[in-house]
Structure formats: C-alpha cells, structure tokens
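The next block is query.pdb, given as PDB, C-alpha atoms and all ligand atoms.
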```pdb
MODEL        1
ATOM      1  CA  MET A   1     -86.067  -9.656  -6.290  1.00  0.00           C
ATOM      2  CA  LYS A   2     -86.510 -13.055  -7.877  1.00  0.00           C
ATOM      3  CA  LYS A   3     -83.224 -13.226  -9.724  1.00  0.00           C
ATOM      4  CA  LEU A   4     -81.249 -12.483  -6.554  1.00  0.00           C
ATOM      5  CA  LYS A   5     -83.207 -15.021  -4.551  1.00  0.00           C
ATOM      6  CA  ASP A   6     -82.621 -17.674  -7.213  1.00  0.00           C
ATOM      7  CA  LYS A   7     -78.924 -16.876  -7.124  1.00  0.00           C
ATOM      8  CA  ILE A   8     -78.879 -17.142  -3.325  1.00  0.00           C
ATOM      9  CA  LEU A   9     -80.636 -20.503  -3.517  1.00  0.00           C
ATOM     10  CA  THR A  10     -78.298 -21.916  -6.138  1.00  0.00           C
ATOM     11  CA  GLU A  11     -74.971 -20.415  -5.023  1.00  0.00           C
ATOM     12  CA  GLY A  12     -75.407 -19.212  -1.440  1.00  0.00           C
ATOM     13  CA  LYS A  13     -74.165 -21.325   1.426  1.00  0.00           C
ATOM     14  CA  ALA A  14     -75.658 -21.132   4.885  1.00  0.00           C
ATOM     15  CA  LEU A  15     -72.630 -21.719   7.085  1.00  0.00           C
ATOM     16  CA  ASN A  16     -74.846 -22.027  10.145  1.00  0.00           C
ATOM     17  CA  GLU A  17     -78.081 -20.453  11.490  1.00  0.00           C
ATOM     18  CA  HIS A  18     -76.558 -16.968  11.351  1.00  0.00           C
ATOM     19  CA  VAL A  19     -74.166 -16.554   8.441  1.00  0.00           C
ATOM     20  CA  LEU A  20     -74.784 -16.769   4.708  1.00  0.00           C
ATOM     21  CA  LYS A  21     -71.860 -16.987   2.324  1.00  0.00           C
ATOM     22  CA  VAL A  22     -72.370 -15.419  -1.085  1.00  0.00           C
ATOM     23  CA  ASP A  23     -68.778 -15.279  -2.239  1.00  0.00           C
ATOM     24  CA  SER A  24     -69.477 -16.415  -5.780  1.00  0.00           C
ATOM     25  CA  PHE A  25     -71.505 -13.352  -6.810  1.00  0.00           C
ATOM     26  CA  LEU A  26     -71.332 -10.608  -4.168  1.00  0.00           C
ATOM     27  CA  ASN A  27     -68.534 -10.786  -1.603  1.00  0.00           C
ATOM     28  CA  HIS A  28     -65.525 -12.200  -3.431  1.00  0.00           C
ATOM     29  CA  GLN A  29     -66.343 -12.770  -7.080  1.00  0.00           C
ATOM     30  CA  VAL A  30     -68.902 -10.259  -8.354  1.00  0.00           C
ATOM     31  CA  ASP A  31     -71.706 -10.817 -10.863  1.00  0.00           C
ATOM     32  CA  ALA A  32     -71.667  -7.423 -12.539  1.00  0.00           C
ATOM     33  CA  ASN A  33     -74.861  -7.985 -14.514  1.00  0.00           C
ATOM     34  CA  LEU A  34     -76.719  -8.912 -11.358  1.00  0.00           C
ATOM     35  CA  MET A  35     -75.335  -5.773  -9.655  1.00  0.00           C
ATOM     36  CA  ALA A  36     -76.731  -3.675 -12.486  1.00  0.00           C
ATOM     37  CA  GLU A  37     -80.155  -5.349 -12.239  1.00  0.00           C
ATOM     38  CA  MET A  38     -80.216  -4.885  -8.481  1.00  0.00           C
ATOM     39  CA  ALA A  39     -79.335  -1.224  -8.906  1.00  0.00           C
ATOM     40  CA  GLU A  40     -82.228  -0.885 -11.347  1.00  0.00           C
ATOM     41  CA  ALA A  41     -84.628  -2.405  -8.794  1.00  0.00           C
ATOM     42  CA  ILE A  42     -83.375   0.008  -6.137  1.00  0.00           C
ATOM     43  CA  TYR A  43     -83.675   2.909  -8.555  1.00  0.00           C
ATOM     44  CA  GLN A  44     -87.271   1.964  -9.410  1.00  0.00           C
ATOM     45  CA  LYS A  45     -88.093   1.840  -5.689  1.00  0.00           C
ATOM     46  CA  PHE A  46     -86.554   5.190  -4.799  1.00  0.00           C
ATOM     47  CA  LYS A  47     -86.515   7.166  -8.046  1.00  0.00           C
ATOM     48  CA  ASN A  48     -89.042   9.636  -6.648  1.00  0.00           C
ATOM     49  CA  LEU A  49     -86.684  10.591  -3.854  1.00  0.00           C
ATOM     50  CA  GLU A  50     -84.203  13.331  -4.435  1.00  0.00           C
ATOM     51  CA  ILE A  51     -80.774  11.685  -3.965  1.00  0.00           C
ATOM     52  CA  ASP A  52     -77.490  13.620  -4.086  1.00  0.00           C
ATOM     53  CA  LYS A  53     -75.125  10.818  -3.114  1.00  0.00           C
ATOM     54  CA  VAL A  54     -74.984   7.099  -2.529  1.00  0.00           C
ATOM     55  CA  VAL A  55     -73.005   6.126   0.576  1.00  0.00           C
ATOM     56  CA  THR A  56     -71.680   2.680   1.406  1.00  0.00           C
ATOM     57  CA  ILE A  57     -69.112   1.108   3.700  1.00  0.00           C
ATOM     58  CA  GLU A  58     -66.057  -0.755   2.497  1.00  0.00           C
ATOM     59  CA  SER A  59     -65.614  -3.309   1.257  1.00  0.00           C
ATOM     60  CA  SER A  60     -68.519  -5.544   0.309  1.00  0.00           C
ATOM     61  CA  GLY A  61     -71.029  -2.746  -0.168  1.00  0.00           C
ATOM     62  CA  ILE A  62     -68.963  -1.154  -2.921  1.00  0.00           C
ATOM     63  CA  ALA A  63     -69.947  -3.439  -5.790  1.00  0.00           C
ATOM     64  CA  PRO A  64     -73.721  -2.958  -5.545  1.00  0.00           C
ATOM     65  CA  ALA A  65     -73.384   0.671  -4.440  1.00  0.00           C
ATOM     66  CA  ILE A  66     -71.347   1.784  -7.423  1.00  0.00           C
ATOM     67  CA  TYR A  67     -74.048   0.518  -9.781  1.00  0.00           C
ATOM     68  CA  CYS A  68     -76.643   2.367  -7.715  1.00  0.00           C
ATOM     69  CA  ALA A  69     -74.619   5.551  -7.930  1.00  0.00           C
ATOM     70  CA  GLN A  70     -74.407   5.179 -11.672  1.00  0.00           C
ATOM     71  CA  ARG A  71     -78.162   4.545 -11.956  1.00  0.00           C
ATOM     72  CA  PHE A  72     -79.019   7.582  -9.835  1.00  0.00           C
ATOM     73  CA  ASN A  73     -76.299   9.502 -11.675  1.00  0.00           C
ATOM     74  CA  VAL A  74     -74.696  10.720  -8.448  1.00  0.00           C
ATOM     75  CA  PRO A  75     -71.312  10.189  -6.750  1.00  0.00           C
ATOM     76  CA  LEU A  76     -70.613   7.221  -4.502  1.00  0.00           C
ATOM     77  CA  VAL A  77     -68.944   7.894  -1.140  1.00  0.00           C
ATOM     78  CA  ILE A  78     -67.164   4.922   0.427  1.00  0.00           C
ATOM     79  CA  ILE A  79     -66.932   5.000   4.206  1.00  0.00           C
ATOM     80  CA  LYS A  80     -63.486   3.851   5.340  1.00  0.00           C
ATOM     81  CA  LYS A  81     -62.920   1.243   7.985  1.00  0.00           C
ATOM     82  CA  GLN A  82     -59.385   2.462   8.661  1.00  0.00           C
ATOM     83  CA  VAL A  83     -58.666   5.599  10.649  1.00  0.00           C
ATOM     84  CA  SER A  84     -56.351   7.396   8.274  1.00  0.00           C
ATOM     85  CA  LEU A  85     -53.695   9.709   9.679  1.00  0.00           C
ATOM     86  CA  ILE A  86     -53.819  11.675   6.467  1.00  0.00           C
ATOM     87  CA  LEU A  87     -57.510  12.452   6.905  1.00  0.00           C
ATOM     88  CA  ASP A  88     -56.829  13.335  10.552  1.00  0.00           C
ATOM     89  CA  ASP A  89     -59.213  15.952  12.023  1.00  0.00           C
ATOM     90  CA  LYS A  90     -60.873  16.537   8.708  1.00  0.00           C
ATOM     91  CA  VAL A  91     -63.081  13.488   9.204  1.00  0.00           C
ATOM     92  CA  TYR A  92     -66.270  12.387  10.849  1.00  0.00           C
ATOM     93  CA  GLN A  93     -65.814   9.222  12.822  1.00  0.00           C
ATOM     94  CA  SER A  94     -68.095   6.619  14.362  1.00  0.00           C
ATOM     95  CA  GLU A  95     -67.870   3.134  15.812  1.00  0.00           C
ATOM     96  CA  VAL A  96     -69.349  -0.144  14.583  1.00  0.00           C
ATOM     97  CA  ILE A  97     -69.608  -3.567  16.182  1.00  0.00           C
ATOM     98  CA  SER A  98     -68.850  -6.068  13.440  1.00  0.00           C
ATOM     99  CA  PHE A  99     -71.335  -8.924  13.156  1.00  0.00           C
ATOM    100  CA  THR A 100     -69.021 -11.205  11.207  1.00  0.00           C
ATOM    101  CA  LYS A 101     -65.803 -10.415  13.092  1.00  0.00           C
ATOM    102  CA  GLN A 102     -67.327  -9.850  16.545  1.00  0.00           C
ATOM    103  CA  LYS A 103     -65.172  -6.830  17.235  1.00  0.00           C
ATOM    104  CA  THR A 104     -65.542  -3.070  17.309  1.00  0.00           C
ATOM    105  CA  TYR A 105     -63.949  -0.913  14.648  1.00  0.00           C
ATOM    106  CA  LYS A 106     -63.918   2.757  13.725  1.00  0.00           C
ATOM    107  CA  ILE A 107     -65.349   4.122  10.510  1.00  0.00           C
ATOM    108  CA  THR A 108     -64.462   7.461   8.979  1.00  0.00           C
ATOM    109  CA  VAL A 109     -65.418   9.750   6.150  1.00  0.00           C
ATOM    110  CA  SER A 110     -63.735  12.915   4.993  1.00  0.00           C
ATOM    111  CA  LYS A 111     -65.717  16.067   5.705  1.00  0.00           C
ATOM    112  CA  GLU A 112     -65.020  16.986   2.096  1.00  0.00           C
ATOM    113  CA  PHE A 113     -67.406  14.321   0.803  1.00  0.00           C
ATOM    114  CA  LEU A 114     -70.425  14.646   3.098  1.00  0.00           C
ATOM    115  CA  LYS A 115     -71.929  18.110   3.338  1.00  0.00           C
ATOM    116  CA  PRO A 116     -74.870  19.601   5.242  1.00  0.00           C
ATOM    117  CA  ASN A 117     -78.285  19.009   3.661  1.00  0.00           C
ATOM    118  CA  GLU A 118     -77.056  16.502   1.080  1.00  0.00           C
ATOM    119  CA  LYS A 119     -79.648  13.810   0.485  1.00  0.00           C
ATOM    120  CA  ILE A 120     -78.211  10.355   0.955  1.00  0.00           C
ATOM    121  CA  LEU A 121     -79.093   6.808  -0.086  1.00  0.00           C
ATOM    122  CA  ILE A 122     -77.261   4.298   2.118  1.00  0.00           C
ATOM    123  CA  VAL A 123     -76.492   0.985   0.393  1.00  0.00           C
ATOM    124  CA  ASP A 124     -74.933  -2.141   1.911  1.00  0.00           C
ATOM    125  CA  ASP A 125     -74.587  -5.817   1.064  1.00  0.00           C
ATOM    126  CA  PHE A 126     -76.113  -7.281   4.253  1.00  0.00           C
ATOM    127  CA  LEU A 127     -78.454  -6.109   6.969  1.00  0.00           C
ATOM    128  CA  ALA A 128     -77.932  -8.238  10.073  1.00  0.00           C
ATOM    129  CA  ASN A 129     -77.986  -6.418  13.415  1.00  0.00           C
ATOM    130  CA  GLY A 130     -77.904  -3.039  11.748  1.00  0.00           C
ATOM    131  CA  GLN A 131     -74.643  -1.836  13.272  1.00  0.00           C
ATOM    132  CA  ALA A 132     -72.925  -1.020   9.985  1.00  0.00           C
ATOM    133  CA  ALA A 133     -75.979   0.833   8.647  1.00  0.00           C
ATOM    134  CA  LEU A 134     -76.407   2.751  11.903  1.00  0.00           C
ATOM    135  CA  GLY A 135     -72.717   3.683  11.890  1.00  0.00           C
ATOM    136  CA  VAL A 136     -73.033   5.092   8.383  1.00  0.00           C
ATOM    137  CA  TYR A 137     -76.274   6.838   9.374  1.00  0.00           C
ATOM    138  CA  ASP A 138     -74.429   8.395  12.314  1.00  0.00           C
ATOM    139  CA  LEU A 139     -71.728   9.811  10.012  1.00  0.00           C
ATOM    140  CA  VAL A 140     -74.402  11.231   7.711  1.00  0.00           C
ATOM    141  CA  CYS A 141     -76.051  12.875  10.735  1.00  0.00           C
ATOM    142  CA  GLN A 142     -72.729  14.276  11.960  1.00  0.00           C
ATOM    143  CA  ALA A 143     -72.289  15.914   8.567  1.00  0.00           C
ATOM    144  CA  GLY A 144     -75.742  17.490   8.773  1.00  0.00           C
ATOM    145  CA  ALA A 145     -76.750  15.507   5.707  1.00  0.00           C
ATOM    146  CA  ILE A 146     -80.077  13.670   5.401  1.00  0.00           C
ATOM    147  CA  THR A 147     -80.530   9.914   5.015  1.00  0.00           C
ATOM    148  CA  LYS A 148     -83.446   9.537   2.593  1.00  0.00           C
ATOM    149  CA  ALA A 149     -83.462   5.731   2.377  1.00  0.00           C
ATOM    150  CA  PHE A 150     -81.638   2.475   3.074  1.00  0.00           C
ATOM    151  CA  ALA A 151     -81.160  -0.123   0.323  1.00  0.00           C
ATOM    152  CA  MET A 152     -79.905  -3.508   1.463  1.00  0.00           C
ATOM    153  CA  ILE A 153     -79.072  -6.359  -0.852  1.00  0.00           C
ATOM    154  CA  ILE A 154     -79.665  -9.220   1.601  1.00  0.00           C
ATOM    155  CA  GLU A 155     -81.578  -8.783   4.834  1.00  0.00           C
ATOM    156  CA  LYS A 156     -81.468 -11.474   7.487  1.00  0.00           C
ATOM    157  CA  SER A 157     -84.902 -10.735   8.860  1.00  0.00           C
ATOM    158  CA  PHE A 158     -84.419 -13.018  11.865  1.00  0.00           C
ATOM    159  CA  GLN A 159     -81.887 -10.521  13.223  1.00  0.00           C
ATOM    160  CA  ASP A 160     -82.882  -7.156  14.594  1.00  0.00           C
ATOM    161  CA  GLY A 161     -81.298  -4.755  12.091  1.00  0.00           C
ATOM    162  CA  ARG A 162     -84.563  -3.941  10.344  1.00  0.00           C
ATOM    163  CA  ALA A 163     -86.320  -3.116  13.605  1.00  0.00           C
ATOM    164  CA  LYS A 164     -83.494  -0.746  14.520  1.00  0.00           C
ATOM    165  CA  LEU A 165     -83.618   1.015  11.153  1.00  0.00           C
ATOM    166  CA  GLU A 166     -87.430   1.147  11.188  1.00  0.00           C
ATOM    167  CA  SER A 167     -87.267   3.110  14.421  1.00  0.00           C
ATOM    168  CA  LEU A 168     -85.588   5.907  12.441  1.00  0.00           C
ATOM    169  CA  ASN A 169     -88.672   6.254  10.201  1.00  0.00           C
ATOM    170  CA  ILE A 170     -86.601   6.137   7.043  1.00  0.00           C
ATOM    171  CA  PRO A 171     -87.667   3.889   4.130  1.00  0.00           C
ATOM    172  CA  ILE A 172     -85.832   0.556   3.889  1.00  0.00           C
ATOM    173  CA  TYR A 173     -85.758  -1.662   0.829  1.00  0.00           C
ATOM    174  CA  SER A 174     -84.139  -5.090   0.953  1.00  0.00           C
ATOM    175  CA  LEU A 175     -83.905  -7.058  -2.275  1.00  0.00           C
ATOM    176  CA  ALA A 176     -83.986 -10.435  -0.526  1.00  0.00           C
ATOM    177  CA  ARG A 177     -85.317 -11.011   2.973  1.00  0.00           C
ATOM    178  CA  ILE A 178     -84.247 -14.201   4.658  1.00  0.00           C
ATOM    179  CA  LYS A 179     -86.521 -15.680   7.269  1.00  0.00           C
ATOM    180  CA  ARG A 180     -84.397 -18.622   8.345  1.00  0.00           C
ATOM    181  CA  LEU A 181     -80.958 -20.078   7.771  1.00  0.00           C
ATOM    182  CA  ALA A 182     -79.779 -23.568   8.622  1.00  0.00           C
ATOM    183  CA  PRO A 183     -76.930 -25.621   7.201  1.00  0.00           C
ATOM    184  CA  SER A 184     -77.886 -26.177   3.550  1.00  0.00           C
ATOM    185  CA  GLN A 185     -81.226 -24.444   4.064  1.00  0.00           C
ATOM    186  CA  ILE A 186     -82.264 -20.926   3.104  1.00  0.00           C
ATOM    187  CA  GLU A 187     -85.838 -19.742   3.598  1.00  0.00           C
ATOM    188  CA  PHE A 188     -87.181 -16.373   2.448  1.00  0.00           C
ATOM    189  CA  LEU A 189     -89.972 -14.363   4.006  1.00  0.00           C
ATOM    190  CA  GLU A 190     -93.245 -15.345   2.364  1.00  0.00           C
ATOM    191  CA  GLU A 191     -93.991 -11.870   1.028  1.00  0.00           C
ATOM    192  CA  GLU A 192     -90.777 -12.115  -0.969  1.00  0.00           C
ATOM    193  CA  ILE A 193     -91.552 -15.393  -2.759  1.00  0.00           C
TER
HETATM  194  P1  LIG A 201     -74.751  -5.631  10.753  1.00  0.00           P
HETATM  195  O1  LIG A 201     -73.898  -4.438  10.997  1.00  0.00           O
HETATM  196  O2  LIG A 201     -76.093  -5.301  10.147  1.00  0.00           O
HETATM  197  O3  LIG A 201     -74.877  -6.515  11.955  1.00  0.00           O
HETATM  198  O4  LIG A 201     -73.967  -6.512   9.705  1.00  0.00           O
HETATM  199  C1  LIG A 201     -73.800  -6.017   8.412  1.00  0.00           C
HETATM  200  C2  LIG A 201     -72.425  -6.207   7.906  1.00  0.00           C
HETATM  201  O5  LIG A 201     -71.858  -7.449   8.314  1.00  0.00           O
HETATM  202  C3  LIG A 201     -72.473  -6.242   6.399  1.00  0.00           C
HETATM  203  O6  LIG A 201     -71.833  -5.085   5.932  1.00  0.00           O
HETATM  204  C4  LIG A 201     -71.758  -7.497   5.983  1.00  0.00           C
HETATM  205  O7  LIG A 201     -70.500  -7.166   5.455  1.00  0.00           O
HETATM  206  C5  LIG A 201     -71.570  -8.304   7.236  1.00  0.00           C
HETATM  207  N1  LIG A 201     -72.502  -9.453   7.334  1.00  0.00           N
HETATM  208  C6  LIG A 201     -73.483  -9.613   8.245  1.00  0.00           C
HETATM  209  N2  LIG A 201     -74.074 -10.796   8.125  1.00  0.00           N
HETATM  210  C7  LIG A 201     -73.475 -11.424   7.100  1.00  0.00           C
HETATM  211  C8  LIG A 201     -73.663 -12.708   6.477  1.00  0.00           C
HETATM  212  O8  LIG A 201     -74.507 -13.543   6.853  1.00  0.00           O
HETATM  213  N3  LIG A 201     -72.847 -12.986   5.420  1.00  0.00           N
HETATM  214  C9  LIG A 201     -71.897 -12.111   4.958  1.00  0.00           C
HETATM  215  N4  LIG A 201     -71.183 -12.490   3.910  1.00  0.00           N
HETATM  216  N5  LIG A 201     -71.700 -10.901   5.524  1.00  0.00           N
HETATM  217  C10 LIG A 201     -72.478 -10.554   6.588  1.00  0.00           C
ENDMDL
END
```
Can you turn what I pasted into structure tokens?
Ligand code: 5GP
Amino acid sequence: MKKLKDKILTEGKALNEHVLKVDSFLNHQVDANLMAEMAEAIYQKFKNLEIDKVVTIESSGIAPAIYCAQRFNVPLVIIKKQVSLILDDKVYQSEVISFTKQKTYKITVSKEFLKPNEKILIVDDFLANGQAALGVYDLVCQAGAITKAFAMIIEKSFQDGRAKLESLNIPIYSLARIKRLAPSQIEFLEEEI
C-alpha cells in the first residue's frame, strides 16, 4: 500500500537490521485516517471471505484492527497478554515468544468471545517471526473457530514469520513488505514498489 510505505519511509526509523520503529503513526501516536485507509485495503482484499470476527493481540494491533472490524461490520476481539484471575478457567490460553522483548508470555481469550465455527480474520501490526500470529491462531483453533485470513500491517520479509504462516495454507496479506532494514535504510520488496 503506497501511502503506508511512504509513511514508513518518511517517519519510520530502522533502529538496526531487525527493528523498525513506527511510533509516530502506529505504535504510540496513531494516524487514524491512515488506519481507516489500511482497513479499506484489507477489506477490499478479503471482502469475499465470510468473516464473523476480527481478532488481534494487545496492544499495538488494536488500532488497525478496530478499523478493520468496523469495515467488516463485525466485533473485534482483543487477545490479552495478561493471565487474568477473573477470567480463570473460562479462557483459552497459549504461549508466545516475544520478538521485541525476547521473553515468553502467556496470551488468553475468554471462551465467551471465541466460539466454534466462527470465521476469523487475524490482524496485527507487525509480522516478524510469526510467534504472535501463531499464538492467536492457536487460540482460534482451541475454540474450534476457523482462521480465514491473516492481515498484517508491516511484514519484515527477511524474518521467517511469513513462511510459518504460509505453511498453514491460509491467505496472508501484508500492506507493506520490508526486504531489508539497516540504520537509516528501509527497503521494500520489489513487488510492493
Ligand atoms: P513476531 O511474533 O511475528 O515475531 O513479532 C510480532 C510482534 O512483535 C508484533 O505484534 C509487534 O508488536 C512486535 N514487533 C516485531 N517486530 C517489530 C518491529 O520491528 N517494530 C515494532 N515496533 N514492533 C515489532
């Protein structure tokens, strides 16, 4: 998506070869108009799929995902990173290795909000090694629901997340695919330019 790529080029900061900072429009401050346009692009890609719910993981996936939910006219379910005592045994739980924090954490969702056979669109801000997306996918599976597609805002194609998701044979759409990062340098995959 050209507008997103332009925004990444003008405001994104490659901290090193692995991490891109996009705090000015996605992860800290949010460009709401851009979120709406990204949701439209995702809707156009997947509008022929039957989607009952959008599912994301807190916290950075929420901004784009809520616009997607609105566009598809379905609820948004936010996967929690905290194991809540209140939710207790009424939850599905999985484990994720965090790329940015280099630690393992648990994710949970209330059984009330993911039901068997519901058709799910998983949305997240970044696809890196795919752990977050696979964790969400696992919760969807535990619920007996069906992941119809993955929509990622920024994919770092030099990491292996896409390959892992592709092995599930579920459609993946990334709005910007980054081929290479280096300090002060951001290169997109050619097909995306
Ligand atoms: P994965 O689980 O695919 O390895 O990493 C995805 C998660 O890590 C995303 O939800 C995102 O929050 C975070 N993440 C991974 N890479 C980056 C990055 O380069 N920049 C930022 N801001 N977040 C990232």
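Taking all atoms listed in the file into account, ligand LIG 201 (chain A) has within 7 Å the residues His18, Val19, Leu20, Lys21, Val22, Asn27, Ser60, Gly61, Ile97, Ser98, Phe99, Thr100, Asp124, Asp125, Phe126, Leu127, Ala128, Asn129, Gly130, Gln131, Ala132, Ala133 and Gly161 of chain A.
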| request: Considering only C-alpha atoms, return as a list of chain:residue names whatever protein or nucleic-acid residues lie within 9 Å of Ile42 of chain A, sequence-local ones (same chain, fewer than 6 positions apart) excluded. | output: A:Cys68, A:Ala151, A:Tyr173, A:Ser174, A:Leu175
| task | Rank nothing, just name the residue among A:Gln185, A:Gln93, A:Gln44, A:Ser59 nearest to Ile78 of chain A, using all atoms listed in the file. | result |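 The shortest atom-to-atom distance to Ile78 of chain A comes from A:Ser59.
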| said: My list of candidates is A:Arg162, A:Lys179, A:Lys53, A:Lys3. Which is closest to Met35 of chain A when distances are computed with only C-alpha atoms? | reply: A:Lys3
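Comparing the minimum interatomic distances between Glu190 of chain A and each of A:Arg71, A:Ser157, A:Lys80, A:Ser24, counting only C-alpha atoms, we find that A:Ser157 sits nearest.
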| field | Selection: 6 Å around segment 74-77 of chain A, all atoms listed in the file, excl. self and same-chain fewer than 6 positions, as JSON, numbers by chain | value | {"A": [52, 53, 54, 55]}
The PyMOL selection byres (((chain A and resi 143) around 6) and not hetatm) resolved against shown file, as a PDB file with C-alpha atoms, in the coordinates of the input:
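Everything below was put into selection_8.pdb:
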```pdb
ATOM      1  CA  LEU A 114     -70.425  14.646   3.098  1.00  0.00           C
ATOM      2  CA  LYS A 115     -71.929  18.110   3.338  1.00  0.00           C
ATOM      3  CA  PRO A 116     -74.870  19.601   5.242  1.00  0.00           C
ATOM      4  CA  VAL A 140     -74.402  11.231   7.711  1.00  0.00           C
ATOM      5  CA  CYS A 141     -76.051  12.875  10.735  1.00  0.00           C
ATOM      6  CA  GLN A 142     -72.729  14.276  11.960  1.00  0.00           C
ATOM      7  CA  GLY A 144     -75.742  17.490   8.773  1.00  0.00           C
ATOM      8  CA  ALA A 145     -76.750  15.507   5.707  1.00  0.00           C
TER       9      ALA A 145
END
```
Segment 101-106 of chain A, all listed atoms, 6 Å padding on each side: what axis-aligned box centre and edge lengths in Å to one decimal come out, as AutoDock Vina command-line options?
```
--center_x -65.6 --center_y -3.8 --center_z 15.2 --size_x 15.4 --size_y 25.2 --size_z 16.2
```
